[in-house]
$ cat model_4.cif   # mmCIF, C-alpha atoms
data_coords
loop_
_atom_site.group_PDB
_atom_site.id
_atom_site.type_symbol
_atom_site.label_atom_id
_atom_site.label_comp_id
_atom_site.auth_asym_id
_atom_site.auth_seq_id
_atom_site.Cartn_x
_atom_site.Cartn_y
_atom_site.Cartn_z
ATOM 1 C CA MET A 1 -47.886 57.068 49.682
ATOM 2 C CA ALA A 2 -49.173 54.915 46.816
ATOM 3 C CA THR A 3 -51.235 56.466 44.042
ATOM 4 C CA MET A 4 -54.772 55.178 44.109
ATOM 5 C CA ILE A 5 -55.999 53.934 40.743
ATOM 6 C CA GLU A 6 -59.739 53.986 40.327
ATOM 7 C CA GLU A 7 -61.797 52.250 37.655
ATOM 8 C CA ASN A 8 -61.704 55.390 35.525
ATOM 9 C CA GLY A 9 -57.913 55.751 35.940
ATOM 10 C CA PRO A 10 -55.544 57.512 38.334
ATOM 11 C CA SER A 11 -56.225 60.855 39.928
ATOM 12 C CA THR A 12 -55.021 64.023 38.174
ATOM 13 C CA HIS A 13 -51.982 64.193 40.466
ATOM 14 C CA GLY A 14 -51.213 60.535 39.742
ATOM 15 C CA GLN A 15 -51.544 61.128 35.989
ATOM 16 C CA SER A 16 -48.868 63.826 36.031
ATOM 17 C CA GLU A 17 -46.502 61.557 37.988
ATOM 18 C CA LEU A 18 -47.149 58.659 35.611
ATOM 19 C CA SER A 19 -46.745 60.942 32.597
ATOM 20 C CA SER A 20 -43.403 62.226 33.896
ATOM 21 C CA SER A 21 -42.170 58.714 34.642
ATOM 22 C CA SER A 22 -43.415 57.453 31.274
ATOM 23 C CA SER A 23 -41.638 60.325 29.541
ATOM 24 C CA ARG A 24 -38.320 59.484 31.257
ATOM 25 C CA VAL A 25 -38.657 55.817 30.337
ATOM 26 C CA ARG A 26 -39.442 56.704 26.736
ATOM 27 C CA GLN A 27 -36.404 59.011 26.565
ATOM 28 C CA LYS A 28 -34.194 56.225 27.938
ATOM 29 C CA LEU A 29 -35.565 53.722 25.412
ATOM 30 C CA ASP A 30 -35.078 56.263 22.611
ATOM 31 C CA SER A 31 -31.427 56.680 23.642
ATOM 32 C CA LEU A 32 -30.938 52.908 23.385
ATOM 33 C CA LEU A 33 -32.328 52.558 19.858
ATOM 34 C CA ASN A 34 -29.814 51.062 17.410
ATOM 35 C CA LYS A 35 -27.398 50.130 20.210
ATOM 36 C CA ASN A 36 -25.934 46.634 20.405
ATOM 37 C CA MET A 37 -27.754 44.606 23.045
ATOM 38 C CA ARG A 38 -26.997 41.254 24.631
ATOM 39 C CA ILE A 39 -30.169 39.457 25.745
ATOM 40 C CA ARG A 40 -29.956 36.314 27.873
ATOM 41 C CA MET A 41 -32.962 34.032 27.660
ATOM 42 C CA THR A 42 -34.542 31.512 30.046
ATOM 43 C CA ASP A 43 -33.307 28.529 27.992
ATOM 44 C CA GLY A 44 -29.659 29.628 28.252
ATOM 45 C CA ARG A 45 -29.325 31.102 24.774
ATOM 46 C CA THR A 46 -27.958 34.606 24.277
ATOM 47 C CA LEU A 47 -28.946 36.878 21.403
ATOM 48 C CA VAL A 48 -26.822 39.838 20.355
ATOM 49 C CA GLY A 49 -28.106 42.464 17.944
ATOM 50 C CA LEU A 50 -29.300 46.016 17.402
ATOM 51 C CA PHE A 51 -32.177 47.119 19.637
ATOM 52 C CA LEU A 52 -34.954 48.175 17.268
ATOM 53 C CA CYS A 53 -38.098 48.266 19.392
ATOM 54 C CA THR A 54 -40.097 46.892 22.284
ATOM 55 C CA ASP A 55 -43.753 46.888 23.302
ATOM 56 C CA ARG A 56 -45.759 47.036 26.510
ATOM 57 C CA ASP A 57 -45.441 43.246 26.930
ATOM 58 C CA CYS A 58 -41.621 43.669 27.018
ATOM 59 C CA ASN A 59 -41.161 41.778 23.745
ATOM 60 C CA VAL A 60 -37.933 42.938 22.099
ATOM 61 C CA ILE A 61 -37.020 43.176 18.409
ATOM 62 C CA LEU A 62 -33.326 42.872 17.531
ATOM 63 C CA GLY A 63 -31.898 43.538 14.076
ATOM 64 C CA SER A 64 -28.822 41.769 12.687
ATOM 65 C CA ALA A 65 -29.196 39.293 15.550
ATOM 66 C CA GLN A 66 -26.850 36.421 16.273
ATOM 67 C CA GLU A 67 -27.653 33.514 18.566
ATOM 68 C CA PHE A 68 -25.087 32.024 20.923
ATOM 69 C CA LEU A 69 -25.844 28.700 22.548
ATOM 70 C CA LYS A 70 -25.192 28.115 26.229
ATOM 71 C CA SER A 71 -21.608 27.010 26.722
ATOM 72 C CA SER A 72 -19.901 25.560 29.770
ATOM 73 C CA ASP A 73 -16.725 27.683 29.759
ATOM 74 C CA SER A 74 -16.833 30.926 27.846
ATOM 75 C CA PHE A 75 -19.244 32.853 25.690
ATOM 76 C CA SER A 76 -17.042 32.797 22.586
ATOM 77 C CA GLN A 77 -16.479 29.029 22.248
ATOM 78 C CA GLY A 78 -19.221 28.276 19.753
ATOM 79 C CA GLU A 79 -19.910 29.798 16.379
ATOM 80 C CA PRO A 80 -22.874 32.167 16.419
ATOM 81 C CA ARG A 81 -25.942 31.391 14.345
ATOM 82 C CA VAL A 82 -27.010 34.377 12.260
ATOM 83 C CA LEU A 83 -30.717 35.088 12.707
ATOM 84 C CA GLY A 84 -31.156 38.519 11.154
ATOM 85 C CA LEU A 85 -34.368 40.061 12.525
ATOM 86 C CA ALA A 86 -35.459 38.391 15.771
ATOM 87 C CA MET A 87 -38.352 38.841 18.183
ATOM 88 C CA ILE A 88 -37.726 37.790 21.785
ATOM 89 C CA PRO A 89 -40.880 37.277 23.871
ATOM 90 C CA GLY A 90 -40.663 39.322 27.064
ATOM 91 C CA HIS A 91 -41.408 36.335 29.306
ATOM 92 C CA HIS A 92 -38.224 34.624 28.003
ATOM 93 C CA VAL A 93 -35.906 37.560 28.790
ATOM 94 C CA VAL A 94 -33.617 37.007 31.789
ATOM 95 C CA SER A 95 -31.307 40.001 31.330
ATOM 96 C CA ILE A 96 -30.527 42.758 28.853
ATOM 97 C CA GLU A 97 -27.139 44.435 28.583
ATOM 98 C CA VAL A 98 -25.847 47.210 26.355
ATOM 99 C CA GLU A 99 -22.674 46.049 24.639
ATOM 100 C CA SER A 100 -19.576 47.788 26.047
ATOM 101 C CA ASP A 101 -18.597 49.440 22.748
ATOM 102 C CA THR A 102 -21.897 51.344 22.726
ATOM 103 C CA LEU A 103 -22.118 51.840 26.507
ATOM 104 C CA ALA A 104 -20.253 55.160 26.406
ATOM 105 C CA ASP A 105 -23.003 56.574 24.194
ATOM 106 C CA THR A 106 -25.762 55.691 26.692
ATOM 107 C CA GLN A 107 -25.193 58.064 29.579
ATOM 108 C CA GLY A 108 -27.089 57.138 32.712
ATOM 109 C CA PHE A 109 -28.026 53.602 31.613
ATOM 110 C CA VAL A 110 -25.631 51.881 34.001
ATOM 111 C CA GLY A 111 -24.420 53.262 37.327
ATOM 112 C CA SER A 112 -20.722 53.816 37.900
ATOM 113 C CA HIS A 113 -18.692 50.854 39.156
#
$ encode --input "model_4.cif" --output "structure tokens"
Amino acid sequence: MATMIEENGPSTHGQSELSSSSSRVRQKLDSLLNKNMRIRMTDGRTLVGLFLCTDRDCNVILGSAQEFLKSSDSFSQGEPRVLGLAMIPGHHVVSIEVESDTLADTQGFVGSH
């Protein structure tokens, strides 16, 4: 059954469910801080860098970011362009992946294969 949201906000029961869900999401985001992320964008570019923060609009800030242009064969063909600190608007994000070398540190982020 869906939680009804009134003009003044959700019911007390709905608030506790939202609070619990929000807390889990925050814990997951906290566990991903300073992990290497690979973000694919709508224009085909891929940015790789340290996940520093996000906001409620899903904008993402990466530190020590490198940009890889879309290539026809493999990801490693072109030289990366060093960006440093980069902000990726949430509406341009296609996918976000935790780099494999830091994946072992993020328990529960990706299901078993």
$ resolve_selection --input "model_4.cif" --expression "the PyMOL selection byres ((chain A and resi 86-99) around 7)" --output "list in words"
Lys35, Asn36, Met37, Arg38, Ile39, Arg40, Met41, Thr42, Asp57, Cys58, Asn59, Val60, Ile61, Leu62, Gly63, Ala65, Leu83, Gly84, Leu85, Ser100, Asp101, Thr102 and Leu103 of chain A
$ atom_distance --input "model_4.cif" --atom1 "CA of Ser22 in chain A" --atom2 "CA of Asp55 in chain A"
13.2 Å
$ resolve_selection --input "model_4.cif" --expression "the PyMOL selection byres ((chain A and resi 67) around 6)" --output "PDB file with C-alpha atoms, in the frame of the given file"
ATOM      1  CA  THR A  46     -27.958  34.606  24.277  1.00  0.00           C
ATOM      2  CA  LEU A  47     -28.946  36.878  21.403  1.00  0.00           C
ATOM      3  CA  GLN A  66     -26.850  36.421  16.273  1.00  0.00           C
ATOM      4  CA  PHE A  68     -25.087  32.024  20.923  1.00  0.00           C
ATOM      5  CA  PRO A  80     -22.874  32.167  16.419  1.00  0.00           C
ATOM      6  CA  ARG A  81     -25.942  31.391  14.345  1.00  0.00           C
TER       7      ARG A  81
END
$ resolve_selection --input "model_4.cif" --expression "the PyMOL selection byres ((chain A and resi 29) around 10)" --output "short mmCIF file (atom, residue, chain, number, x, y, z; two decimals) with C-alpha atoms, in the coordinates of the input"
data_model
loop_
_atom_site.label_atom_id
_atom_site.label_comp_id
_atom_site.auth_asym_id
_atom_site.auth_seq_id
_atom_site.Cartn_x
_atom_site.Cartn_y
_atom_site.Cartn_z
CA SER A 23 -41.64 60.32 29.54
CA ARG A 24 -38.32 59.48 31.26
CA VAL A 25 -38.66 55.82 30.34
CA ARG A 26 -39.44 56.70 26.74
CA GLN A 27 -36.40 59.01 26.56
CA LYS A 28 -34.19 56.22 27.94
CA ASP A 30 -35.08 56.26 22.61
CA SER A 31 -31.43 56.68 23.64
CA LEU A 32 -30.94 52.91 23.38
CA LEU A 33 -32.33 52.56 19.86
CA PHE A 51 -32.18 47.12 19.64
CA LEU A 52 -34.95 48.18 17.27
CA CYS A 53 -38.10 48.27 19.39
CA THR A 54 -40.10 46.89 22.28
CA PHE A 109 -28.03 53.60 31.61
#
